[in-house]
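J.: For reference, this is final-v7.txt, and it has compact mmCIF, C-alpha atoms.
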```txt
# COMPACT_ATOMS: atom_id res chain seq x y z
CA MET A 30 0.00 0.00 0.00
CA ILE A 31 2.80 2.43 0.90
CA ALA A 32 4.63 1.61 -2.35
CA ALA A 33 1.44 2.22 -4.33
CA LYS A 34 0.93 5.59 -2.65
CA LEU A 35 4.53 6.63 -3.23
CA SER A 36 4.12 5.67 -6.89
CA ALA A 37 0.93 7.75 -7.06
CA PHE A 38 2.72 10.73 -5.50
CA ALA A 39 5.54 10.39 -8.04
CA GLN A 40 3.09 10.22 -10.94
CA HIS A 41 1.19 13.23 -9.59
CA GLY A 42 4.42 15.22 -9.32
CA PHE A 43 5.43 14.27 -12.84
CA GLU A 44 2.08 15.23 -14.33
CA MET A 45 2.12 18.56 -12.48
CA SER A 46 5.65 19.29 -13.63
CA ARG A 47 4.99 18.24 -17.21
CA SER A 48 1.89 20.42 -17.42
CA TYR A 49 4.17 23.47 -17.33
CA ARG A 50 6.18 22.41 -20.37
CA LEU A 51 8.38 25.48 -20.66
CA ASN A 52 9.51 25.26 -17.02
CA PHE A 53 9.95 21.51 -17.40
CA ALA A 54 12.25 21.90 -20.42
CA ALA A 55 14.06 24.88 -18.90
CA ARG A 56 15.23 22.84 -15.90
CA TYR A 57 17.01 20.33 -18.11
CA PHE A 58 18.38 22.96 -20.45
CA SER A 59 19.76 24.96 -17.51
CA ALA A 60 21.46 21.79 -16.22
CA PHE A 61 23.33 21.54 -19.54
CA VAL A 62 24.21 25.25 -19.58
CA THR A 63 25.51 25.05 -16.01
CA VAL A 64 27.95 22.27 -16.92
CA VAL A 65 29.18 24.29 -19.89
CA PHE A 66 29.72 27.22 -17.54
CA TYR A 67 31.82 24.98 -15.29
CA VAL A 68 34.00 24.11 -18.30
CA PHE A 69 34.60 27.78 -19.11
CA LEU A 70 35.28 28.64 -15.48
CA ALA A 71 37.82 25.83 -15.10
CA GLU A 72 39.55 26.83 -18.33
CA MET A 73 39.72 30.44 -17.19
CA PHE A 74 41.53 29.46 -13.99
CA GLU A 75 43.83 27.12 -15.91
CA ARG A 76 44.82 29.81 -18.41
CA ALA A 77 45.47 32.23 -15.56
CA GLY A 78 47.75 29.67 -13.92
CA VAL A 79 45.62 29.48 -10.77
CA ILE A 80 45.64 26.09 -9.03
CA VAL A 81 42.41 25.78 -7.04
CA VAL A 82 42.68 22.09 -6.17
CA SER A 83 45.59 19.67 -6.20
CA GLY A 84 45.51 16.05 -7.34
CA THR A 85 42.63 16.51 -9.77
CA ASP A 86 41.32 18.95 -12.32
CA TYR A 87 39.15 21.82 -11.15
CA PHE A 88 36.37 21.07 -13.65
CA THR A 89 35.65 17.64 -12.16
CA PHE A 90 35.87 19.06 -8.64
CA LEU A 91 33.43 21.84 -9.53
CA LEU A 92 31.10 19.52 -11.42
CA ILE A 93 30.62 17.23 -8.41
CA GLY A 94 29.94 20.15 -6.09
CA GLY A 95 27.52 21.83 -8.49
CA ALA A 96 25.64 18.70 -9.51
CA PHE A 97 25.04 17.29 -6.04
CA SER A 98 24.04 20.71 -4.69
CA LYS A 99 20.70 19.97 -6.40
CA TYR A 100 19.82 18.01 -3.28
CA VAL A 101 20.50 21.12 -1.18
CA GLU A 102 18.03 23.03 -3.33
CA ILE A 103 15.42 20.34 -2.76
CA GLY A 104 15.98 20.20 1.00
CA THR A 105 16.07 23.94 1.62
CA GLY A 106 13.38 25.18 -0.75
CA SER A 107 11.79 22.91 -3.32
CA LEU A 108 9.96 20.66 -0.86
CA SER A 109 8.33 23.52 1.05
CA ASN A 110 7.48 25.26 -2.25
CA ALA A 111 5.81 22.10 -3.56
CA LEU A 112 3.83 21.79 -0.35
CA ARG A 113 2.78 25.43 -0.68
CA GLU A 114 1.50 24.72 -4.20
CA GLU A 115 -0.53 21.77 -2.92
CA MET A 116 -2.09 24.04 -0.32
CA LEU A 117 -2.99 26.65 -2.94
CA MET A 118 -4.55 24.03 -5.21
CA GLY A 119 -6.60 22.64 -2.33
CA THR A 120 -5.27 19.08 -2.64
CA LEU A 121 -3.52 18.92 0.72
CA GLU A 122 -6.60 19.21 2.95
CA PRO A 123 -8.53 16.23 1.51
CA LEU A 124 -5.33 14.17 1.49
CA LEU A 125 -4.74 14.76 5.20
CA ALA A 126 -8.38 13.82 5.85
CA THR A 127 -7.80 10.32 4.46
CA ALA A 128 -6.26 7.32 6.21
CA THR A 129 -2.87 8.18 4.70
CA PRO A 130 -0.35 8.69 7.51
CA MET A 131 0.41 12.37 8.06
CA THR A 132 4.15 12.01 7.50
CA LEU A 133 3.65 10.03 4.30
CA ALA A 134 1.15 12.60 3.00
CA LEU A 135 3.53 15.47 3.62
CA LEU A 136 6.48 13.52 2.21
CA GLY A 137 4.53 12.89 -0.98
CA PRO A 138 5.75 15.91 -2.97
CA SER A 139 9.36 15.00 -2.20
CA VAL A 140 9.12 11.67 -4.06
CA PHE A 141 9.10 13.24 -7.51
CA LEU A 142 11.44 16.07 -6.48
CA ILE A 143 14.12 13.63 -5.32
CA ALA A 144 13.62 11.38 -8.36
CA GLU A 145 13.89 14.28 -10.78
CA GLY A 146 16.78 15.77 -8.82
CA THR A 147 18.66 12.47 -9.10
CA LEU A 148 18.00 12.40 -12.84
CA LEU A 149 19.40 15.93 -13.17
CA VAL A 150 22.47 15.01 -11.11
CA LEU A 151 23.16 11.99 -13.32
CA ALA A 152 22.57 14.05 -16.46
CA GLN A 153 25.09 16.67 -15.36
CA LEU A 154 27.67 14.03 -14.45
CA LEU A 155 27.19 12.37 -17.84
CA ILE A 156 27.45 15.67 -19.72
CA GLY A 157 30.53 16.52 -17.67
CA ALA A 158 32.13 13.18 -18.51
CA LEU A 159 31.52 13.84 -22.21
CA LEU A 160 33.13 17.27 -21.83
CA GLY A 161 36.26 15.93 -20.14
CA ALA A 162 35.51 15.31 -16.45
CA ASP A 163 37.76 12.58 -15.03
CA PHE A 164 35.92 9.75 -13.27
CA SER A 165 38.49 7.08 -14.09
CA ARG A 166 39.09 6.29 -10.41
CA ALA A 167 35.49 6.68 -9.24
CA ASN A 168 34.01 4.26 -6.71
CA TRP A 169 30.37 4.46 -7.78
CA LEU A 170 29.00 2.07 -5.14
CA ALA A 171 30.42 4.20 -2.34
CA ALA A 172 29.12 7.35 -4.05
CA ILE A 173 25.61 5.87 -4.26
CA ALA A 174 25.65 4.91 -0.57
CA VAL A 175 26.83 8.38 0.45
CA THR A 176 24.16 9.98 -1.77
CA VAL A 177 21.41 7.98 -0.07
CA LEU A 178 22.62 9.13 3.36
CA LEU A 179 22.95 12.72 2.19
CA VAL A 180 19.47 12.80 0.66
CA GLY A 181 17.99 11.37 3.85
CA CYS A 182 19.73 13.99 5.96
CA LEU A 183 18.72 16.91 3.72
CA THR A 184 15.14 15.61 3.48
CA CYS A 185 14.90 15.99 7.26
CA TRP A 186 15.71 19.66 6.86
CA GLY A 187 13.14 19.85 4.06
CA LEU A 188 10.47 18.49 6.41
CA ILE A 189 11.34 21.09 9.03
CA SER A 190 11.03 23.76 6.35
CA ALA A 191 7.71 22.28 5.23
CA ALA A 192 6.40 22.44 8.81
CA PHE A 193 7.08 26.19 8.88
CA THR A 194 5.23 26.54 5.58
CA LEU A 195 2.23 24.64 6.94
CA ARG A 196 1.99 26.85 9.99
CA THR A 197 2.67 30.25 8.42
CA LYS A 198 1.10 29.63 4.96
CA ARG A 199 4.12 31.37 3.49
CA GLN A 200 7.45 30.36 2.00
CA GLU A 201 9.70 30.41 5.03
CA PRO A 202 13.01 32.30 4.78
CA VAL A 203 15.12 29.99 6.94
CA GLY A 204 15.57 27.46 4.15
CA ALA A 205 16.80 30.13 1.75
CA ILE A 206 19.34 31.33 4.32
CA ALA A 207 20.50 27.77 5.01
CA GLY A 208 20.83 27.14 1.28
CA ALA A 209 22.91 30.28 0.78
CA LEU A 210 25.18 29.37 3.68
CA THR A 211 25.61 25.87 2.29
CA TYR A 212 26.66 27.11 -1.15
CA LEU A 213 29.10 29.56 0.41
CA PHE A 214 30.66 27.47 3.18
CA SER A 215 30.36 23.81 2.13
CA GLY A 216 33.05 23.82 -0.53
CA VAL A 217 30.79 23.71 -3.57
CA PHE A 218 33.08 25.97 -5.61
CA VAL A 219 36.38 25.95 -3.70
CA PRO A 220 37.88 23.53 -1.14
CA VAL A 221 36.93 24.22 2.46
CA ALA A 222 40.64 24.33 3.31
CA LEU A 223 40.98 27.55 1.29
CA LEU A 224 38.40 29.35 3.43
CA PRO A 225 39.45 31.54 6.36
CA PRO A 226 39.50 29.67 9.71
CA ALA A 227 36.29 31.33 10.93
CA MET A 228 34.46 30.30 7.77
CA GLN A 229 35.84 26.77 8.03
CA ALA A 230 34.30 26.52 11.50
CA VAL A 231 30.90 27.36 10.00
CA SER A 232 31.34 24.89 7.17
CA TYR A 233 31.71 21.95 9.54
CA LEU A 234 28.33 22.76 11.08
CA LEU A 235 26.65 21.99 7.74
CA PRO A 236 25.86 18.39 6.71
CA PHE A 237 26.48 19.04 3.02
CA THR A 238 30.14 19.74 3.79
CA TYR A 239 30.61 16.14 4.92
CA GLY A 240 28.47 14.71 2.13
CA LEU A 241 30.42 16.59 -0.51
CA GLN A 242 33.78 15.59 0.94
CA ALA A 243 32.70 11.95 0.93
CA LEU A 244 31.39 12.16 -2.64
CA ARG A 245 34.58 13.76 -3.89
CA GLY A 246 36.62 11.18 -2.05
CA ALA A 247 34.65 8.40 -3.74
CA LEU A 248 34.44 9.90 -7.23
CA LEU A 249 37.84 11.60 -7.47
CA GLN A 250 40.05 9.32 -5.38
CA GLY A 251 38.19 6.02 -5.55
CA ARG A 252 37.71 5.73 -1.80
CA GLY A 253 35.38 3.09 -0.46
CA LEU A 254 33.03 3.36 2.50
CA VAL A 255 35.91 2.68 4.88
CA GLY A 256 37.86 5.56 3.37
CA VAL A 257 35.04 8.03 4.03
CA TRP A 258 33.78 6.61 7.31
CA GLN A 259 34.28 9.88 9.19
CA GLU A 260 32.06 11.79 6.77
CA ILE A 261 29.46 9.00 6.87
CA ALA A 262 29.47 9.08 10.67
CA ALA A 263 28.92 12.85 10.59
CA LEU A 264 25.95 12.46 8.20
CA LEU A 265 24.43 9.80 10.44
CA ILE A 266 24.77 12.08 13.48
CA PHE A 267 23.09 14.96 11.63
CA THR A 268 20.26 12.64 10.56
CA VAL A 269 19.74 11.24 14.05
CA VAL A 270 19.48 14.79 15.39
CA LEU A 271 17.32 16.25 12.61
CA LEU A 272 14.85 13.39 12.08
CA PRO A 273 13.09 13.65 15.48
CA VAL A 274 13.00 17.45 15.12
CA ALA A 275 11.45 17.10 11.65
CA LEU A 276 8.77 14.64 12.78
CA PHE A 277 7.94 16.72 15.86
CA SER A 278 7.70 19.88 13.75
CA LEU A 279 5.31 18.25 11.29
CA ARG A 280 3.08 16.86 14.04
CA ALA A 281 3.03 20.20 15.84
CA ALA A 282 2.18 22.08 12.63
CA THR A 283 -0.66 19.76 11.62
CA ARG A 284 -2.03 19.66 15.16
CA HIS A 285 -2.11 23.46 15.22
CA LEU A 286 -3.91 23.58 11.86
CA ARG A 287 -6.55 21.07 12.93
CA GLN A 288 -7.16 22.70 16.30
CA SER A 289 -7.40 26.19 14.78
CA GLY A 290 -9.48 24.99 11.82
CA THR A 291 -7.17 26.68 9.32
CA LEU A 292 -6.06 23.61 7.39
CA GLY A 293 -7.89 24.82 4.28
CA HIS A 294 -6.76 28.43 4.59
CA TYR A 295 -3.98 29.82 2.43
```
Please lay out the structure from this file as structure tokens.
T.:
Amino acid sequence: MIAAKLSAFAQHGFEMSRSYRLNFAARYFSAFVTVVFYVFLAEMFERAGVIVVSGTDYFTFLLIGGAFSKYVEIGTGSLSNALREEMLMGTLEPLLATATPMTLALLGPSVFLIAEGTLLVLAQLLIGALLGADFSRANWLAAIAVTVLLVGCLTCWGLISAAFTLRTKRQEPVGAIAGALTYLFSGVFVPVALLPPAMQAVSYLLPFTYGLQALRGALLQGRGLVGVWQEIAALLIFTVVLLPVALFSLRAATRHLRQSGTLGHY
């Protein structure tokens, strides 16, 4: 039954996304353009004689950071935005009135978002490989395992963000701030080691920092799970802390809506 409902949520998300054909096509086109931009940026640094990373080429380093940051976008904004759209269309209230568990109902929009996000990540990696990215030493099994842990951790943050959206009926700003901090401090564009010490301290408070380090270790250096165990442990700790907070936030938000009778308000 749960698998059938998740499949229905995914199909619903796909049909909604496909109905806006221009936006649907623009997402995939922008993924291609972004990779091309990474190529130009890496070549610009190379021609200037600037060494940003050692042991690998900057394009591959940048490609991994940019591609997998799609999951940050989902966790810090896309999930709450999708939930907001469901509220505006009036589909959330009848869904919560059914026997569908509350958490599953609110997780529904994330099914398609994560699936499409994964497709975009793979597309960018493939385009990057065709344009010269070096994955000759990649340990793909370790990268997949790390990705699953990272998505789970960031989805917890997405649920917390969604709880704010449920209660306030607005797109909450905390996710946008967290997303901006992640892009700046987590080493998406430059290694964390190049940041000033104060900024490095902030970076290690963000789960994406550990996820990205593990992914680069697996894809650039061929490390297995043992080689990135410290980053995996950090992701597990973040998830253990964030998951109860996410579930509590969702229950508190829905309880408030039902008690105040504002579930259908937007």
J.: Provide the CA of Arg252 (chain A) to CA of Thr147 (chain A) distance in Å, to one decimal place.
T.: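 CA of Thr147 (chain A) lies 21.5 Å from CA of Arg252 (chain A).
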J.: So that I can see what lies close to Thr268 (chain A), please list as a ChimeraX atom specification the residues with an atom at most 7 Å from it, counting only C-alpha atoms and leaving out residues fewer than 4 positions away in the same chain.
T.: /A:182,264,272
J.: Would you please work out which residue, of A:Val219, A:Leu235, A:Ala281, A:Met228, is nearest to Ser83 (chain A) when using only C-alpha atoms?
T.: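 Among A:Val219, A:Leu235, A:Ala281, A:Met228, it is A:Val219 that comes nearest to Ser83 (chain A).
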J.: Looking at A:Leu213, A:Leu159, A:Val64, A:Ala243, which one is nearest to Ala96 (chain A), with distances taken over all atoms listed in the file?
T.: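 Of all the options, A:Val64 lies closest to Ala96 (chain A).
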J.: Quick one, how far is CA of Leu241 (chain A) from CA of Phe90 (chain A)?
T.: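 Going from CA of Leu241 (chain A) over to CA of Phe90 (chain A), I get 10.1 Å.
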